[in-house]
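model28.tsv follows; it contains TSV, C-alpha atoms and all ligand atoms.
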chain	number	residue	atom	x	y	z
J	845	MET	CA	0.00	0.00	0.00
J	846	THR	CA	1.45	3.41	-0.91
J	847	GLU	CA	1.68	6.02	1.83
J	848	ARG	CA	-0.72	8.91	1.28
J	849	GLN	CA	0.98	12.04	0.06
J	850	TRP	CA	1.41	15.05	2.36
J	851	LYS	CA	0.27	18.35	0.87
J	852	PRO	CA	0.89	21.81	2.34
J	853	LEU	CA	-2.23	23.77	3.31
J	854	ALA	CA	-2.39	27.45	2.44
J	855	GLY	CA	-2.41	29.93	5.32
J	856	VAL	CA	-5.54	32.04	5.03
J	857	ASP	CA	-5.52	34.18	8.15
J	858	ARG	CA	-3.05	37.08	8.34
J	859	ASP	CA	-3.30	37.91	12.03
J	860	CYS	CA	-4.09	34.73	14.01
J	861	PHE	CA	-1.60	34.42	16.89
J	862	ALA	CA	-0.97	30.76	16.05
J	863	CYS	CA	-1.24	30.51	12.25
J	864	GLY	CA	-1.31	34.13	11.02
J	865	THR	CA	1.01	34.52	8.05
J	866	GLU	CA	1.76	38.18	8.86
J	867	ASN	CA	1.56	38.33	12.66
J	868	PRO	CA	5.11	39.31	13.75
J	869	HIS	CA	4.38	38.31	17.36
J	870	GLY	CA	2.82	34.94	16.51
J	871	LEU	CA	3.94	31.33	16.13
J	872	LYS	CA	3.42	31.28	12.32
J	873	MET	CA	2.35	27.63	12.34
J	874	ARG	CA	2.02	25.90	8.95
J	875	PHE	CA	0.15	22.70	8.23
J	876	GLU	CA	0.18	19.73	5.87
J	877	SER	CA	-2.51	17.11	5.31
J	878	ASN	CA	-2.46	13.60	3.90
J	879	GLY	CA	-6.25	13.39	3.97
J	880	GLU	CA	-6.26	11.30	7.16
J	881	GLN	CA	-4.08	13.36	9.49
J	882	LEU	CA	-2.52	16.80	9.66
J	883	ARG	CA	1.02	17.67	10.73
J	884	SER	CA	3.08	20.76	11.44
J	885	PHE	CA	6.76	21.49	12.04
J	886	LEU	CA	8.12	24.40	14.02
J	887	THR	CA	10.87	25.64	16.29
J	888	VAL	CA	9.58	27.82	19.10
J	889	ARG	CA	11.46	31.09	19.56
J	890	PRO	CA	12.95	32.03	22.97
J	891	ARG	CA	10.37	34.81	23.44
J	892	PHE	CA	7.80	32.08	24.15
J	893	ARG	CA	9.66	30.57	27.08
J	894	GLY	CA	8.41	30.16	30.64
J	895	TRP	CA	11.03	28.72	32.99
J	896	SER	CA	14.58	29.27	31.67
J	897	ASN	CA	14.68	27.64	28.22
J	898	LEU	CA	11.39	25.71	28.45
J	899	VAL	CA	8.48	26.52	26.15
J	900	HIS	CA	5.63	27.99	28.22
J	901	GLY	CA	2.79	25.53	28.85
J	902	GLY	CA	0.25	28.06	27.59
J	903	ILE	CA	2.11	28.26	24.29
J	904	LEU	CA	2.17	24.45	24.03
J	905	SER	CA	-1.59	24.46	24.69
J	906	THR	CA	-2.10	27.06	21.94
J	907	MET	CA	-0.09	24.93	19.51
J	908	LEU	CA	-2.19	21.87	20.38
J	909	ASP	CA	-5.47	23.81	20.06
J	910	GLU	CA	-4.40	25.12	16.66
J	911	MET	CA	-3.29	21.67	15.51
J	912	MET	CA	-6.63	20.16	16.55
J	913	SER	CA	-8.57	23.06	15.03
J	914	TRP	CA	-6.94	22.79	11.61
J	915	THR	CA	-7.41	19.02	11.76
J	916	ALA	CA	-11.12	19.41	12.51
J	917	ILE	CA	-11.57	22.09	9.83
J	918	HIS	CA	-9.79	20.24	7.04
J	919	LEU	CA	-11.00	16.72	7.76
J	920	THR	CA	-14.66	17.66	8.32
J	921	GLU	CA	-14.75	20.70	5.95
J	922	ARG	CA	-16.67	22.65	8.58
J	923	PHE	CA	-16.07	25.82	10.56
J	924	ILE	CA	-15.26	24.98	14.18
J	925	LEU	CA	-15.11	26.24	17.73
J	926	THR	CA	-13.12	24.53	20.45
J	927	LYS	CA	-15.66	23.50	23.10
J	928	GLY	CA	-13.10	22.06	25.49
J	929	MET	CA	-9.67	20.48	25.63
J	930	ASN	CA	-7.47	18.54	28.03
J	931	VAL	CA	-3.70	18.80	27.88
J	932	ALA	CA	-1.06	16.42	29.22
J	933	PHE	CA	2.46	17.82	29.59
J	934	LYS	CA	4.68	14.73	29.54
J	935	LYS	CA	8.23	16.02	29.01
J	936	PRO	CA	9.75	19.52	29.11
J	937	VAL	CA	9.96	21.14	25.65
J	938	ARG	CA	12.90	23.45	24.92
J	939	VAL	CA	12.80	26.63	22.87
J	940	GLY	CA	15.00	26.57	19.76
J	941	THR	CA	14.60	22.84	19.13
J	942	PRO	CA	12.76	21.34	16.14
J	943	LEU	CA	9.31	20.03	17.02
J	944	SER	CA	6.67	18.17	15.07
J	945	LEU	CA	2.94	18.04	15.70
J	946	ASN	CA	0.24	15.79	14.36
J	947	GLY	CA	-3.52	15.79	14.66
J	948	TYR	CA	-6.27	13.32	13.90
J	949	ILE	CA	-9.98	12.77	14.56
J	950	THR	CA	-10.69	9.97	17.02
J	951	GLU	CA	-14.48	10.14	16.95
J	952	ARG	CA	-17.17	11.89	14.98
J	953	LEU	CA	-19.50	12.24	17.96
J	954	SER	CA	-22.39	13.52	15.83
J	955	GLU	CA	-23.07	15.62	12.73
J	956	ARG	CA	-22.27	18.57	15.02
J	957	LYS	CA	-19.28	17.39	17.04
J	958	ALA	CA	-15.89	15.70	16.69
J	959	ARG	CA	-13.27	14.54	19.16
J	960	VAL	CA	-9.73	15.35	18.06
J	961	VAL	CA	-6.25	14.49	19.35
J	962	ALA	CA	-2.97	16.36	18.84
J	963	GLU	CA	0.58	15.53	19.88
J	964	ILE	CA	3.85	17.45	20.08
J	965	ARG	CA	7.02	15.42	19.51
J	966	ASP	CA	10.67	16.31	20.03
J	967	GLU	CA	13.55	15.51	17.64
J	968	GLU	CA	13.74	11.96	18.97
J	969	GLY	CA	10.07	11.43	18.14
J	970	GLU	CA	9.03	11.26	21.79
J	971	VAL	CA	5.63	12.71	22.68
J	972	CYS	CA	6.25	15.71	24.99
J	973	ALA	CA	2.66	17.00	25.18
J	974	SER	CA	-0.71	15.84	23.92
J	975	SER	CA	-4.30	17.00	23.94
J	976	GLU	CA	-7.79	15.75	23.37
J	977	GLY	CA	-10.50	18.23	22.44
J	978	GLU	CA	-14.17	18.41	21.61
J	979	PHE	CA	-14.99	20.57	18.59
J	980	VAL	CA	-18.36	21.93	17.56
J	981	LEU	CA	-18.80	21.93	13.76
J	982	PHE	CA	-20.69	24.62	11.83
J	983	THR	CA	-21.75	25.16	8.23
J	984	MET	CA	-20.71	28.46	6.70
J	985	GLU	CA	-24.27	29.75	7.11
J	986	GLU	CA	-24.39	28.81	10.81
J	987	PHE	CA	-20.97	30.33	11.45
J	988	GLY	CA	-21.97	33.47	9.56
J	989	ALA	CA	-25.10	33.77	11.71
J	990	MET	CA	-22.89	33.86	14.82
J	991	GLY	CA	-21.30	37.10	13.58
J	992	ILE	CA	-17.74	35.91	14.23
J	993	MET	CA	-16.36	37.07	10.90
J	994	ALA	CA	-17.25	39.18	7.89
J	995	GLU	CA	-18.93	37.62	4.83
J	996	GLU	CA	-15.89	37.90	2.52
J	997	GLU	CA	-13.61	36.42	5.17
J	998	LEU	CA	-16.03	33.51	5.60
J	999	GLU	CA	-15.96	32.78	1.89
J	1000	THR	CA	-12.15	32.89	1.71
J	1001	MET	CA	-11.96	30.44	4.62
J	1002	ALA	CA	-14.60	28.15	3.12
J	1003	ALA	CA	-12.70	28.04	-0.17
J	1004	ALA	CA	-9.51	27.01	1.66
J	1005	MET	CA	-11.10	24.17	3.63
J	1006	GLY	CA	-11.65	21.51	1.00
R	1101	LIG	C1	-8.85	27.07	6.43
R	1101	LIG	C2	-9.11	27.72	7.82
R	1101	LIG	C3	-7.93	28.04	8.55
R	1101	LIG	C4	-8.15	28.98	9.74
R	1101	LIG	C5	-7.99	28.26	11.00
R	1101	LIG	C6	-8.23	29.08	12.19
R	1101	LIG	C7	-8.23	28.19	13.39
R	1101	LIG	C8	-8.57	28.92	14.64
R	1101	LIG	C9	-8.69	27.94	15.75
R	1101	LIG	C10	-9.06	28.58	17.05
R	1101	LIG	C11	-9.87	27.62	17.85
R	1101	LIG	C12	-10.36	28.28	19.09
R	1101	LIG	O1	-9.59	28.49	19.98
R	1101	LIG	S1	-11.97	28.78	19.17
R	1101	LIG	C13	-12.02	29.92	20.49
R	1101	LIG	C14	-12.29	29.24	21.81
R	1101	LIG	N1	-13.64	28.67	21.84
R	1101	LIG	C15	-14.73	29.40	21.93
R	1101	LIG	O2	-14.70	30.66	21.98
R	1101	LIG	C16	-16.04	28.69	22.02
R	1101	LIG	C17	-16.98	29.31	23.04
R	1101	LIG	N2	-18.09	28.38	23.32
R	1101	LIG	C18	-19.23	28.40	22.60
R	1101	LIG	O3	-19.47	29.29	21.77
R	1101	LIG	C19	-20.20	27.29	22.88
R	1101	LIG	O4	-19.94	26.72	24.15
R	1101	LIG	C20	-20.12	26.18	21.80
R	1101	LIG	C21	-20.67	26.68	20.47
R	1101	LIG	C22	-18.69	25.65	21.60
R	1101	LIG	C23	-20.96	24.97	22.27
R	1101	LIG	O5	-22.28	25.38	22.46
R	1101	LIG	P1	-23.12	24.79	23.68
R	1101	LIG	O6	-24.55	25.09	23.44
R	1101	LIG	O7	-22.48	25.29	24.93
R	1101	LIG	O8	-22.77	23.26	23.63
R	1101	LIG	P2	-23.65	22.03	23.35
R	1101	LIG	O9	-24.79	21.99	24.29
R	1101	LIG	O10	-22.75	20.84	23.39
R	1101	LIG	O11	-24.18	22.30	21.92
R	1101	LIG	C24	-25.52	22.13	21.69
R	1101	LIG	C25	-25.84	21.98	20.26
R	1101	LIG	O12	-25.98	23.27	19.67
R	1101	LIG	C26	-25.10	23.41	18.60
R	1101	LIG	N3	-24.79	24.82	18.60
R	1101	LIG	C27	-24.34	25.55	19.62
R	1101	LIG	N4	-24.23	26.83	19.28
R	1101	LIG	C28	-24.67	26.95	18.01
R	1101	LIG	C29	-24.85	28.03	17.09
R	1101	LIG	N5	-24.59	29.29	17.44
R	1101	LIG	N6	-25.29	27.75	15.84
R	1101	LIG	C30	-25.62	26.49	15.50
R	1101	LIG	N7	-25.48	25.45	16.31
R	1101	LIG	C31	-25.02	25.65	17.56
R	1101	LIG	C32	-24.05	22.39	18.88
R	1101	LIG	O13	-23.41	21.99	17.69
R	1101	LIG	C33	-24.82	21.27	19.49
R	1101	LIG	O14	-25.50	20.49	18.54
R	1101	LIG	P3	-26.09	19.02	18.85
R	1101	LIG	O15	-24.96	18.21	19.38
R	1101	LIG	O16	-27.16	19.18	19.85
R	1101	LIG	O17	-26.61	18.55	17.51
Entire entry expressed as structure tokens:
Amino acid sequence: MTERQWKPLAGVDRDCFACGTENPHGLKMRFESNGEQLRSFLTVRPRFRGWSNLVHGGILSTMLDEMMSWTAIHLTERFILTKGMNVAFKKPVRVGTPLSLNGYITERLSERKARVVAEIRDEEGEVCASSEGEFVLFTMEEFGAMGIMAEEELETMAAAMG
């Protein structure tokens, strides 16, 4: 069986703290999908440290939330909101070291909800932090009705989801 090909996903949001392509203060996360899972590679800059040279736990949680969110968006082709998430910090993560993340759906709870997992691995491939989250899924019309973003922004996002 041939391994599914990984394809880069276009960044569509300029200013998001986690994935914004133009946010100078953000993490600038990028994503790839093979149709079954998503992954991301990044090295966290020292400005995001907590203790000494360790990546702050809040930053790790943001990375996991973003990984799960992109996974939910691209694998369900719906707009999403994070309803809740649990994080396990298993090993300290150091700034300035290459990290990889992956995300996958563990359960489509209903038409409206999905359970998603994300993991952060170090260079040795060891899982340093992981999360499980529940995501509420919305059609473009439903998301538009919530007034979270402008019509043209909604359409740009919807076009990038498939
Ligand atoms: C390419 C892109 C890249 C761009 C990628 C950008 C990625 C950004 C990622 C950021 C992710 C985040 O951090 S999001 C920000 C943090 N999260 C939030 O702000 C969410 C705040 N919480 C809420 O708004 C709410 O609690 C919800 C919507 C999550 C859950 O609503 P709830 O009412 O409390 O929960 P629940 O009882 O389980 O839901 C009841 C039912 O109503 C539905 N429901 C609830 N609200 C609505 C609604 N307004 N419109 C329709 N349906 C709704 C649910 O689906 C569910 O359906 P049924 O099961 O009965 O059928």
Check your understanding: Quick one: residues within 6 Å of ligand LIG 1101 (chain R), with all atoms listed in the file, as number ranges by chain?
Key -> J: 856, 910, 913-914, 925-927, 956, 980, 986, 990, 1001, 1004-1005
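Of the listed residues J:Met993, J:Ala1003, J:Met907, J:Leu898, the one whose atoms come nearest to J:Phe861 is J:Met907, with distances taken using all atoms listed in the file.
Residue nearest J:Gly988 within the list J:Trp895, J:Ile917, J:Arg883, J:Ala1002: J:Ala1002 [criterion: smallest interatomic distance, only C-alpha atoms].
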message = Calculated over only C-alpha atoms, which of the candidates J:Phe923, J:Pro868, J:Glu967, J:Arg893 has the smallest distance to J:Glu999?
response =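 The shortest atom-to-atom distance to J:Glu999 comes from J:Phe923.
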Worksheet item: So what do you get for atom CA of J:Glu996 versus atom CA of J:Thr906, distance-wise?
Response: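 Interatomic distance here is 26.2 Å.
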**Prompt:** Quick one: residues within 9 Å of J:Ser975, all atoms listed in the file counted, chain neighbours fewer than 2 positions away excluded, as a count of residues only?
**Reply:** 15
For J:Gly894, the closest of J:Pro936, J:Arg848, J:Ala994, J:Glu968 counting only C-alpha atoms is J:Pro936
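Residues lying within 8 Å of J:Leu943, counting all atoms listed in the file and ignoring same-chain neighbours fewer than 3 positions away, are J:Phe885, J:Leu886, J:Thr887, J:Ile964, J:Arg965, J:Asp966, J:Glu967.
Pairwise distance (atom CA of J:Cys972, atom CA of J:Leu904) equals 9.7 Å.
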From the set J:Ala854, J:Val899, J:Ile992, J:Leu981, which residue has the shortest atom-to-atom contact distance to J:Arg938, counting all atoms listed in the file?
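Closest candidate: J:Val899.
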Taking into account all atoms listed in the file, which residue in the set J:Lys872, J:His918, J:Arg891, J:Lys957 is nearest to J:Cys860?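 Between J:Lys872, J:His918, J:Arg891, J:Lys957, the residue approaching J:Cys860 most closely is J:Lys872.
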From atom CA of J:Thr920 to atom CA of J:Asn867 the spacing works out at 26.6 Å
